[in-house]
Each structure stands twice: as C-alpha cells, then as structure tokens.
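Coordinates from upload12.cif are shown below (mmCIF, C-alpha atoms).
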data_entry
#
loop_
_atom_site.label_atom_id
_atom_site.label_comp_id
_atom_site.auth_asym_id
_atom_site.auth_seq_id
_atom_site.Cartn_x
_atom_site.Cartn_y
_atom_site.Cartn_z
CA MET A 1129 102.29 49.18 42.64
CA ARG A 1130 99.87 46.57 43.99
CA ALA A 1131 98.85 46.00 47.62
CA SER A 1132 97.50 43.11 49.67
CA ILE A 1133 94.89 44.47 52.10
CA VAL A 1134 94.55 42.32 55.21
CA ILE A 1135 91.54 42.63 57.51
CA GLY A 1136 90.81 40.67 60.68
CA THR A 1137 87.25 40.45 61.99
CA LEU A 1138 85.61 38.89 65.02
CA ASN A 1139 81.85 38.43 65.47
CA ARG A 1140 80.66 41.53 63.63
CA PRO A 1141 79.92 40.56 60.02
CA GLN A 1142 77.82 43.66 59.28
CA VAL A 1143 80.68 45.93 60.33
CA VAL A 1144 83.30 44.40 58.05
CA LEU A 1145 80.83 44.27 55.16
CA LYS A 1146 80.59 48.08 55.27
CA LEU A 1147 84.36 48.31 54.80
CA LEU A 1148 84.32 45.72 52.01
CA LEU A 1149 81.70 47.76 50.16
CA GLN A 1150 84.05 50.76 50.26
CA LEU A 1151 86.88 48.62 48.94
CA ILE A 1152 84.73 47.30 46.10
CA ASN A 1153 84.05 50.87 45.02
CA GLN A 1154 87.77 51.67 45.02
CA SER A 1155 88.87 48.45 43.30
CA LYS A 1156 87.95 50.00 39.94
CA SER A 1157 90.76 52.55 40.21
CA VAL A 1158 93.34 50.96 42.56
CA ASP A 1159 95.06 47.59 42.13
CA PHE A 1160 94.81 45.45 45.26
CA GLU A 1161 93.66 42.14 46.69
CA VAL A 1162 91.70 41.76 49.92
CA LEU A 1163 92.25 38.96 52.44
CA VAL A 1164 89.68 38.82 55.26
CA TYR A 1165 90.52 36.62 58.24
CA ASP A 1166 87.31 35.83 60.09
CA GLN A 1167 87.78 34.52 63.64
CA SER A 1168 84.10 34.46 64.56
CA THR A 1169 81.71 31.83 65.82
CA ALA A 1170 80.27 29.48 63.21
CA GLU A 1171 77.03 31.47 63.17
CA ASN A 1172 78.68 34.82 62.48
CA TYR A 1173 81.06 33.31 59.97
CA LYS A 1174 78.12 31.91 58.02
CA LYS A 1175 76.46 35.35 57.97
CA LEU A 1176 79.62 36.89 56.55
CA GLN A 1177 80.17 34.04 54.12
CA ASN A 1178 76.66 34.43 52.68
CA GLN A 1179 77.18 38.14 51.92
CA PHE A 1180 80.87 38.13 51.08
CA PRO A 1181 81.72 39.85 47.76
CA LYS A 1182 81.91 37.50 44.79
CA GLN A 1183 85.04 39.08 43.39
CA GLU A 1184 88.19 37.29 42.33
CA ASN A 1185 90.46 39.60 44.32
CA PHE A 1186 88.45 39.22 47.58
CA LYS A 1187 89.22 36.17 49.71
CA LEU A 1188 87.62 35.00 52.97
CA ILE A 1189 89.54 32.71 55.34
CA HIS A 1190 88.10 31.36 58.58
CA LEU A 1191 90.24 30.75 61.67
CA ASP A 1192 88.86 28.58 64.47
CA LYS A 1193 90.59 30.48 67.28
CA PRO A 1194 91.00 34.28 67.55
CA ASN A 1195 94.65 35.32 67.46
CA THR A 1196 95.58 38.77 66.21
CA CYS A 1197 99.26 38.11 65.56
CA ARG A 1198 98.48 34.86 63.80
CA TYR A 1199 96.16 36.45 61.23
CA LEU A 1200 98.56 39.39 60.78
CA ASN A 1201 101.31 36.91 59.91
CA LEU A 1202 99.09 34.79 57.69
CA GLY A 1203 98.21 37.98 55.85
CA TRP A 1204 101.75 38.77 54.73
CA LYS A 1205 102.63 35.14 54.14
CA ASN A 1206 99.61 34.49 51.92
CA GLY A 1207 99.43 37.88 50.25
CA SER A 1208 100.67 38.06 46.67
CA SER A 1209 101.86 41.69 46.75
CA GLU A 1210 105.03 43.34 47.99
CA ILE A 1211 103.01 45.93 49.96
CA VAL A 1212 100.86 44.62 52.82
CA LEU A 1213 98.25 47.02 54.21
CA TYR A 1214 96.47 46.19 57.47
CA LEU A 1215 93.05 47.66 58.29
CA ASP A 1216 90.75 46.99 61.23
CA ASP A 1217 87.22 45.94 60.32
CA ASP A 1218 85.70 48.98 62.08
CA VAL A 1219 87.34 51.77 60.08
CA THR A 1220 86.07 54.04 57.33
CA ILE A 1221 88.62 54.76 54.63
CA THR A 1222 88.87 57.80 52.37
CA GLU A 1223 89.42 57.94 48.63
CA LYS A 1224 93.14 58.48 49.26
CA THR A 1225 93.85 56.02 52.07
CA ILE A 1226 95.13 53.14 49.96
CA THR A 1227 96.92 55.22 47.31
CA GLU A 1228 98.67 57.31 49.98
CA HIS A 1229 100.04 54.13 51.56
CA ILE A 1230 101.19 52.70 48.26
CA LYS A 1231 102.85 55.78 46.80
CA LYS A 1232 105.23 56.22 49.73
CA TYR A 1233 106.94 52.99 48.71
CA ASP A 1234 108.32 54.65 45.60
CA ASP A 1235 111.01 55.71 48.08
CA LYS A 1236 113.12 52.55 48.52
CA SER A 1237 114.17 53.60 52.04
CA ILE A 1238 110.58 53.40 53.31
CA LEU A 1239 109.90 50.03 54.95
CA GLY A 1240 106.57 50.84 56.56
CA VAL A 1241 103.83 53.48 56.52
CA ALA A 1242 101.78 54.57 59.51
CA GLY A 1243 98.44 56.00 58.45
CA ARG A 1244 96.61 58.76 60.28
CA VAL A 1245 93.80 57.58 62.59
CA ILE A 1246 90.96 59.68 63.95
CA ASN A 1247 88.99 57.81 66.60
CA ASP A 1248 85.36 58.81 67.09
CA LYS A 1249 84.99 61.94 69.26
CA GLU A 1250 88.74 62.51 69.27
CA LYS A 1251 90.23 66.00 68.97
CA THR A 1252 92.63 66.42 66.07
CA LEU A 1253 95.68 68.36 67.19
CA ARG A 1254 99.06 68.88 65.57
CA SER A 1255 101.71 67.05 67.56
CA THR A 1256 105.20 66.05 66.52
CA GLN A 1257 105.22 63.36 69.21
CA VAL A 1258 103.56 60.73 67.02
CA GLY A 1259 104.37 57.03 67.31
CA LYS A 1260 107.34 57.61 69.60
CA ILE A 1261 109.09 55.28 72.06
CA ILE A 1262 110.71 57.52 74.68
CA SER A 1263 113.30 56.65 77.35
CA PHE A 1264 113.60 53.02 76.20
CA GLY A 1265 109.87 52.42 76.51
CA ALA A 1266 109.11 54.39 79.69
CA ILE A 1267 106.73 56.51 77.61
CA ILE A 1268 104.81 55.38 74.53
CA LYS A 1269 103.38 58.32 72.59
CA LYS A 1270 100.68 57.52 70.04
CA ASN A 1271 98.85 60.70 68.92
CA PHE A 1272 98.03 59.26 65.49
CA PHE A 1273 95.26 61.83 65.11
CA SER A 1274 97.96 64.45 64.47
CA LYS A 1275 98.21 66.50 61.29
CA TYR A 1276 101.99 66.08 61.42
CA SER A 1277 103.82 63.96 58.86
CA GLY A 1278 107.25 62.51 59.54
CA PHE A 1279 109.13 59.45 60.73
CA VAL A 1280 107.82 57.37 63.64
CA ASP A 1281 108.99 54.43 65.73
CA PHE A 1282 105.81 52.40 65.22
CA PRO A 1283 102.40 52.62 63.47
CA TYR A 1284 98.79 52.34 64.66
CA GLY A 1285 97.62 48.76 64.14
CA CYS A 1286 94.27 49.62 62.54
CA ASN A 1287 95.92 51.48 59.63
CA MET A 1288 99.45 50.40 58.82
CA SER A 1289 101.44 48.92 55.96
CA PHE A 1290 104.83 47.30 55.44
CA ARG A 1291 106.96 45.86 52.70
CA LYS A 1292 106.44 42.11 52.66
CA SER A 1293 110.19 41.64 52.41
CA ILE A 1294 110.81 43.42 55.73
CA LEU A 1295 108.05 41.43 57.46
CA LYS A 1296 109.74 38.25 56.24
CA GLU A 1297 113.16 39.46 57.37
CA PHE A 1298 111.90 40.24 60.89
CA ASN A 1299 109.67 37.16 61.06
CA GLY A 1300 106.57 39.33 61.24
CA PHE A 1301 104.50 39.85 64.37
CA ASP A 1302 105.41 38.11 67.62
CA GLU A 1303 102.86 35.39 68.35
CA ARG A 1304 104.14 35.06 71.93
CA LEU A 1305 102.30 38.25 72.84
CA GLN A 1306 99.51 37.41 75.26
CA PRO A 1307 95.81 37.23 74.29
CA PRO A 1308 93.04 38.31 74.15
CA ILE A 1309 94.05 41.22 71.91
CA HIS A 1310 97.81 40.64 71.59
CA SER A 1311 98.42 44.31 72.25
CA PHE A 1312 101.76 45.99 71.52
CA ASN A 1313 102.19 43.90 68.36
CA GLU A 1314 102.73 46.98 66.19
CA VAL A 1315 104.88 48.71 68.83
CA ASP A 1316 107.07 45.62 69.13
CA LEU A 1317 107.50 45.20 65.38
CA GLY A 1318 108.07 48.91 64.81
CA CYS A 1319 110.69 49.00 67.55
CA ARG A 1320 112.56 46.07 66.07
CA ILE A 1321 112.57 47.57 62.58
CA THR A 1322 113.50 51.13 63.50
CA LYS A 1323 116.28 50.10 65.88
CA ARG A 1324 118.00 48.54 62.91
CA PHE A 1325 116.70 50.88 60.21
CA PRO A 1326 116.12 54.35 61.70
CA LYS A 1327 113.75 56.65 59.82
CA SER A 1328 112.22 53.82 57.83
CA ILE A 1329 108.57 54.02 59.01
CA PHE A 1330 106.79 57.13 57.76
CA PHE A 1331 103.65 58.68 59.25
CA ASN A 1332 101.54 59.91 56.34
CA LYS A 1333 98.68 62.15 57.45
CA GLU A 1334 97.01 61.74 54.04
CA ALA A 1335 96.59 57.97 54.55
CA LEU A 1336 93.64 58.62 56.84
CA VAL A 1337 91.01 56.33 58.36
CA TYR A 1338 88.18 57.05 60.78
CA HIS A 1339 88.23 54.45 63.55
CA HIS A 1340 84.83 53.80 65.10
CA ARG A 1341 85.70 51.29 67.84
CA TYR A 1342 82.20 49.88 67.95
CA LYS A 1343 80.72 48.97 71.33
CA PHE A 1344 79.79 45.48 70.15
CA GLY A 1345 81.67 42.53 68.69
CA GLY A 1346 85.42 42.33 68.40
CA THR A 1347 87.19 41.41 71.65
CA ARG A 1348 84.44 42.75 73.90
CA SER A 1349 83.50 39.25 75.01
CA TYR A 1350 86.51 39.42 77.32
CA SER A 1351 86.45 41.11 80.71
CA GLU A 1352 88.10 44.48 81.24
CA LYS A 1353 90.51 42.84 83.69
CA GLU A 1354 91.60 40.24 81.14
CA VAL A 1355 92.30 42.95 78.57
CA ASN A 1356 94.15 45.19 81.05
CA ASP A 1357 96.26 42.32 82.39
CA SER A 1358 97.32 41.27 78.89
CA ASN A 1359 98.12 44.89 77.98
CA GLN A 1360 100.45 45.28 80.96
CA PHE A 1361 102.00 41.83 80.44
CA ASN A 1362 102.73 42.63 76.79
CA TYR A 1363 104.18 46.02 77.74
CA GLY A 1364 106.65 44.35 80.11
CA TYR A 1365 107.37 41.66 77.55
CA SER A 1366 108.25 44.23 74.89
CA LEU A 1367 110.58 46.02 77.30
CA GLY A 1368 112.42 42.85 78.23
CA LYS A 1369 112.63 41.70 74.66
CA ASN A 1370 113.72 44.84 72.82
CA PHE A 1371 116.03 46.64 75.24
CA THR A 1372 119.22 45.85 77.18
CA LEU A 1373 119.37 45.46 80.93
CA LEU A 1374 120.85 48.93 81.34
CA GLU A 1375 118.14 50.41 79.14
CA ASN A 1376 115.53 48.55 81.18
CA ILE A 1377 116.88 50.02 84.41
CA LEU A 1378 116.79 53.55 82.98
CA CYS A 1379 113.27 52.92 81.72
CA PHE A 1380 112.05 51.67 85.11
CA ILE A 1381 113.56 54.67 86.90
CA ARG A 1382 111.71 57.03 84.54
CA ARG A 1383 108.47 55.02 84.65
CA LEU A 1384 108.25 54.18 88.35
CA PRO A 1385 106.70 57.43 89.71
CA TYR A 1386 103.88 57.28 87.15
CA GLN A 1387 103.34 53.58 87.77
CA LEU A 1388 103.14 53.96 91.55
CA ILE A 1389 100.69 56.85 91.34
CA LYS A 1390 98.50 55.89 88.38
CA GLU A 1391 98.67 52.11 87.95
CA PRO A 1392 100.28 50.43 90.97
CA GLY A 1393 98.22 47.28 90.42
CA ALA A 1394 99.77 46.76 86.99
CA ILE A 1395 103.34 46.35 88.23
CA THR A 1396 102.98 42.61 88.80
CA GLN A 1397 101.81 41.95 85.24
CA ILE A 1398 104.53 44.18 83.78
CA PHE A 1399 107.24 42.21 85.59
CA LYS A 1400 105.63 38.89 84.60
CA GLY A 1401 105.89 39.94 80.97
CA TYR A 1402 109.41 41.27 81.44
CA PHE A 1403 110.77 38.03 82.92
CA TYR A 1404 108.85 35.98 80.36
CA ALA A 1405 110.84 37.78 77.65
CA LYS A 1406 114.13 37.27 79.46
CA LYS A 1407 113.32 33.58 79.90
CA PHE A 1408 113.34 33.07 76.15
CA LYS A 1409 116.48 35.18 75.75
CA PHE A 1410 115.37 36.76 72.50
CA LYS A 1411 118.10 37.72 70.12
CA ILE A 1412 116.51 39.98 67.49
CA LEU A 1413 118.90 40.40 64.60
CA ASN A 1414 121.88 42.48 65.76
CA PHE A 1415 120.53 43.79 69.06
#

Just give me the structure of the file as structure tokens.
Amino acid sequence: MRASIVIGTLNRPQVVLKLLLQLINQSKSVDFEVLVYDQSTAENYKKLQNQFPKQENFKLIHLDKPNTCRYLNLGWKNGSSEIVLYLDDDVTITEKTITEHIKKYDDKSILGVAGRVINDKEKTLRSTQVGKIISFGAIIKKNFFSKYSGFVDFPYGCNMSFRKSILKEFNGFDERLQPPIHSFNEVDLGCRITKRFPKSIFFNKEALVYHHRYKFGGTRSYSEKEVNDSNQFNYGYSLGKNFTLLENILCFIRRLPYQLIKEPGAITQIFKGYFYAKKFKFKILNF
C-alpha cells in the first residue's frame, strides 16, 4: 500500500532537509510520495528550493501565508495515495515509522493511525489514557509518549495518518480554527470521526517519531500571548462545535474548578471561541 507523506515547514529549511534525507534513504524500500508545503519567507524558501531533493516522488509547494489547516487539507487533496501521513518538519523517524502506519490499514475498520511521539527530554511511561477526550472535552489527555497501543479519540498532529476517503468525507481539517498555529486541529478532526465511527483511530506505539521542537523557526515569531490566546479560543471553539448544549454544561461544571485556579485569564478566550462556534451553527454529519 502506498502513502502520501505531507510535511509543513516554516522558516527552518535546514531542519526539514534533515527529515527529507531520512525519507530518501527509506524510499528505496517503501513506496511513498512526499509533499512539502513551505510557508516561509522568500529567503528561506529559496534556501530550501536550492537544496530540495531532485526526486520524482518529492514535491515542494510554496504558500504565501502560513496556515496549518490549509496545508493539511491541500496535502490530502493533492496527494495521489489513499493513505495520507502527516509529519512535522522537526521529527526524526525510525526505520519502522512509515511501514507501521501503512500496515494498520490492512484492517478496513481503521480510519486513522496515531503514531507514538517522544518529545525531547520527555519521560516515557505506560499510560492507557492516550489521546482521550474526557467529560465532553473538560479534560484532554495526550500522553502520546506511552508504550500502550489501542484505540484513541484523536492523534498527535506531528505523527498521524488517515485514509484519504475519510478526510474527504469529513471535509478535512477545519480552517476556521484561529491562527497562528491553528491548534486543536487534530483533536477536532479526531472527535468528529470517532463520534461517528468509534474505535476507528488506532494508537500504534511502533509508529514512533522523536519530536525535537526546535527553539528556532516554526511559529516562534509569534508572541507567547498570541499563541496562548489562540489555543484557548480554539479549545472553546471545539467544545461549542462538537458537543451539545447539555454536554457543554456538564463539561463546564467539570472544568470550572481547574480553570478558576490554574488559568482564570483564559476563560474569556474560551467563551469567545465557544460562541464563535455556536454563531456558525455547525452541523457535522449526524451530530
């Protein structure tokens, strides 16, 4: 089975080139194409363009304005394979990462695969609470470093794959999520898919990447406040969009003590996102 590997990069050409070198080495034994969406300045794009691999199955596309959800959607729309694998530019893959994603799709009930992610300096524990949405969104458990394998509600955005057909059916990633990093895009999509198709996204610990989260490039040109505000806005937006009013009330009751103690300043942005979702009156498939 063939895969389309989609990578987004922003102002760090030398970082993504390291990943592309790994993919070149694996292209001899695994069938895939690579689509790199560069959202950098003209200067950084030129640096990447000059060193980009001269291989038929490697394609470089430049976007004038950074938009995570836009390049994620362009990836599945322009990819030629039924399996679409998304990798961040600042990850190191293993010899099994790609094949472990692909082979899970031999099971027709699998619509998406969440790969294991070990961030630099992160402890690797075994937890069964991986990729879980609890109490209608009051708690979002990630823990993608875990050695556990099983079904999850959503994947980790830097190492995830889906069937192209399911991305088309659900209209892909929601481009109304707020910049600069359009956070919660994978949580939102995973929630939509698994509410309709429970136990359809599988967390495969063997599909491992090491995520470096470099201190330069990427979205670091934005202030910490801008990033935090968009995170909270998108959290509220996903709650308003994906759950009923009753579920929202139960979520807020569960969430409120934590919010008042830990992040009281975020409440305004959460409600802005929540009412923004209600304004558009989203109707996602049958819920």

Dump as CSV the rows for residues of segment 1308-1345 of chain A within 8 Å of segment 1360-1372 of chain A: closest atom pair and distance in Å with one decimal, only C-alpha atoms counted, ordered by chain and rising residue number.
residue,atom,partner,partner_atom,distance
A:His1310,CA,A:Asn1362,CA,7.4
A:Ser1311,CA,A:Asn1362,CA,6.5
A:Phe1312,CA,A:Asn1362,CA,6.3
A:Asp1316,CA,A:Ser1366,CA,6.0
A:Cys1319,CA,A:Asn1370,CA,7.4
A:Arg1320,CA,A:Asn1370,CA,7.0

Would you save the residues of that selection, restricted to C-alpha atoms, as an mmCIF file, in the coordinates of the input?
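The file below, selection10.cif, is the result:
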data_model
loop_
_atom_site.group_PDB
_atom_site.id
_atom_site.type_symbol
_atom_site.label_atom_id
_atom_site.label_comp_id
_atom_site.auth_asym_id
_atom_site.auth_seq_id
_atom_site.Cartn_x
_atom_site.Cartn_y
_atom_site.Cartn_z
ATOM 1 C CA HIS A 1310 97.810 40.640 71.590
ATOM 2 C CA SER A 1311 98.420 44.310 72.250
ATOM 3 C CA PHE A 1312 101.760 45.990 71.520
ATOM 4 C CA ASP A 1316 107.070 45.620 69.130
ATOM 5 C CA CYS A 1319 110.690 49.000 67.550
ATOM 6 C CA ARG A 1320 112.560 46.070 66.070
#

Residue by residue, what does the PyMOL selection byres ((chain A and resi 1179-1183) around 10) grab here? Present the result as a PDB file with C-alpha atoms, in the frame of the given file.
ATOM      1  CA  PRO A1141      79.920  40.560  60.020  1.00  0.00           C
ATOM      2  CA  GLN A1142      77.820  43.660  59.280  1.00  0.00           C
ATOM      3  CA  VAL A1144      83.300  44.400  58.050  1.00  0.00           C
ATOM      4  CA  LEU A1145      80.830  44.270  55.160  1.00  0.00           C
ATOM      5  CA  LEU A1148      84.320  45.720  52.010  1.00  0.00           C
ATOM      6  CA  LEU A1149      81.700  47.760  50.160  1.00  0.00           C
ATOM      7  CA  ILE A1152      84.730  47.300  46.100  1.00  0.00           C
ATOM      8  CA  GLU A1161      93.660  42.140  46.690  1.00  0.00           C
ATOM      9  CA  VAL A1162      91.700  41.760  49.920  1.00  0.00           C
ATOM     10  CA  VAL A1164      89.680  38.820  55.260  1.00  0.00           C
ATOM     11  CA  LYS A1174      78.120  31.910  58.020  1.00  0.00           C
ATOM     12  CA  LYS A1175      76.460  35.350  57.970  1.00  0.00           C
ATOM     13  CA  LEU A1176      79.620  36.890  56.550  1.00  0.00           C
ATOM     14  CA  GLN A1177      80.170  34.040  54.120  1.00  0.00           C
ATOM     15  CA  ASN A1178      76.660  34.430  52.680  1.00  0.00           C
ATOM     16  CA  GLU A1184      88.190  37.290  42.330  1.00  0.00           C
ATOM     17  CA  ASN A1185      90.460  39.600  44.320  1.00  0.00           C
ATOM     18  CA  PHE A1186      88.450  39.220  47.580  1.00  0.00           C
ATOM     19  CA  LYS A1187      89.220  36.170  49.710  1.00  0.00           C
ATOM     20  CA  LEU A1188      87.620  35.000  52.970  1.00  0.00           C
TER      21      LEU A1188
END

Residues within 6 Å of Gly1243 of chain A, please, as a list in words. Count all atoms listed in the file; anything in the same chain fewer than 4 positions from it doesn't count.
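In the requested form, the answer reads Asn1287, Met1288, Phe1331, Asn1332, Ala1335 and Leu1336 of chain A.
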
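Each of A:Asn1376, A:Gln1397, A:Asn1139, A:Asn1356 was compared to Asp1217 of chain A using only C-alpha atoms, and A:Asn1139 turns out to be the nearest.
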
Do you know which residues lie at most 12 Å from (101.1, 44.1, 55.8), with coordinates as in the file and only C-alpha atoms counted, and could you write them as number ranges by chain?
A: 1131-1136, 1161-1163, 1197, 1199-1215, 1229-1230, 1239-1242, 1283, 1285-1296, 1300-1301, 1314, 1317

Resolved residues for the PyMOL selection byres ((chain A and resi 1263) around 10) as number ranges by chain
A: 1260-1262, 1264-1268, 1375-1376, 1378-1383

re atom CA of Tyr1276 of chain A and atom CA of Lys1232 of chain A: distance 15.6 Å

Could you tell me which residues the PyMOL selection byres ((chain A and resi 1277) around 10) returns for this structure, as a PyMOL selection string?
chain A and resi 1242-1244+1254-1256+1258+1272+1274-1276+1278-1280+1330-1334

Restrict the selected residues to C-alpha atoms and save them as a PDB file, keeping the file's coordinate frame.
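Final output, saved to part-v9.pdb:
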ATOM      1  CA  ALA A1242     101.780  54.570  59.510  1.00  0.00           C
ATOM      2  CA  GLY A1243      98.440  56.000  58.450  1.00  0.00           C
ATOM      3  CA  ARG A1244      96.610  58.760  60.280  1.00  0.00           C
ATOM      4  CA  ARG A1254      99.060  68.880  65.570  1.00  0.00           C
ATOM      5  CA  SER A1255     101.710  67.050  67.560  1.00  0.00           C
ATOM      6  CA  THR A1256     105.200  66.050  66.520  1.00  0.00           C
ATOM      7  CA  VAL A1258     103.560  60.730  67.020  1.00  0.00           C
ATOM      8  CA  PHE A1272      98.030  59.260  65.490  1.00  0.00           C
ATOM      9  CA  SER A1274      97.960  64.450  64.470  1.00  0.00           C
ATOM     10  CA  LYS A1275      98.210  66.500  61.290  1.00  0.00           C
ATOM     11  CA  TYR A1276     101.990  66.080  61.420  1.00  0.00           C
ATOM     12  CA  GLY A1278     107.250  62.510  59.540  1.00  0.00           C
ATOM     13  CA  PHE A1279     109.130  59.450  60.730  1.00  0.00           C
ATOM     14  CA  VAL A1280     107.820  57.370  63.640  1.00  0.00           C
ATOM     15  CA  PHE A1330     106.790  57.130  57.760  1.00  0.00           C
ATOM     16  CA  PHE A1331     103.650  58.680  59.250  1.00  0.00           C
ATOM     17  CA  ASN A1332     101.540  59.910  56.340  1.00  0.00           C
ATOM     18  CA  LYS A1333      98.680  62.150  57.450  1.00  0.00           C
ATOM     19  CA  GLU A1334      97.010  61.740  54.040  1.00  0.00           C
TER      20      GLU A1334
END

With all atoms of segment 1340-1344 of chain A from the file as input, state the centre and edge lengths in Å to one decimal of the axis-aligned box that has 4 Å extra on each side, as JSON.
{"center_x": 82.7, "center_y": 49.6, "center_z": 68.2, "size_x": 13.9, "size_y": 16.3, "size_z": 14.2}

Residue among A:Phe1282, A:Leu1253, A:Arg1140, A:Ile1398 lying closest to Glu1171 of chain A, counting only C-alpha atoms:
A:Arg1140

Within-8 Å shell of (88.8, 55.7, 51.1) in input frame, only C-alpha atoms, as number ranges by chain
A: 1150-1151, 1154, 1220-1226, 1337

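Atom pair atom CA of Gly1393 of chain A / atom CA of Lys1249 of chain A: separated by 28.9 Å.
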
Hey, which of A:Ile1389, A:Val1245, A:Ala1170, A:Ala1394 ends up closest to Val1219 of chain A? Count all atoms listed in the file.
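For Val1219 of chain A, the nearest of the given residues is A:Val1245.
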
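Between Ile1309 of chain A and the residues A:Ile1238, A:Phe1160, A:Ser1351, A:Gly1401, the shortest atom-to-atom distance, using only C-alpha atoms, involves A:Ser1351.
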
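From atom CA of Phe1344 of chain A back to atom CA of Gln1167 of chain A, the distance works out to 15.0 Å.
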
Rank A:Ile1246, A:Leu1388, A:Ala1405, A:Ile1321 by their smallest atom-to-atom distance to His1340 of chain A, using all atoms listed in the file, and report the top residue only.
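Counting all atoms listed in the file, the residue closest to His1340 of chain A is A:Ile1246.
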
Nearest residue to Thr1169 of chain A from the set A:Thr1196, A:Glu1303, A:Gly1346, A:Thr1322 (distances using all atoms listed in the file):
A:Gly1346
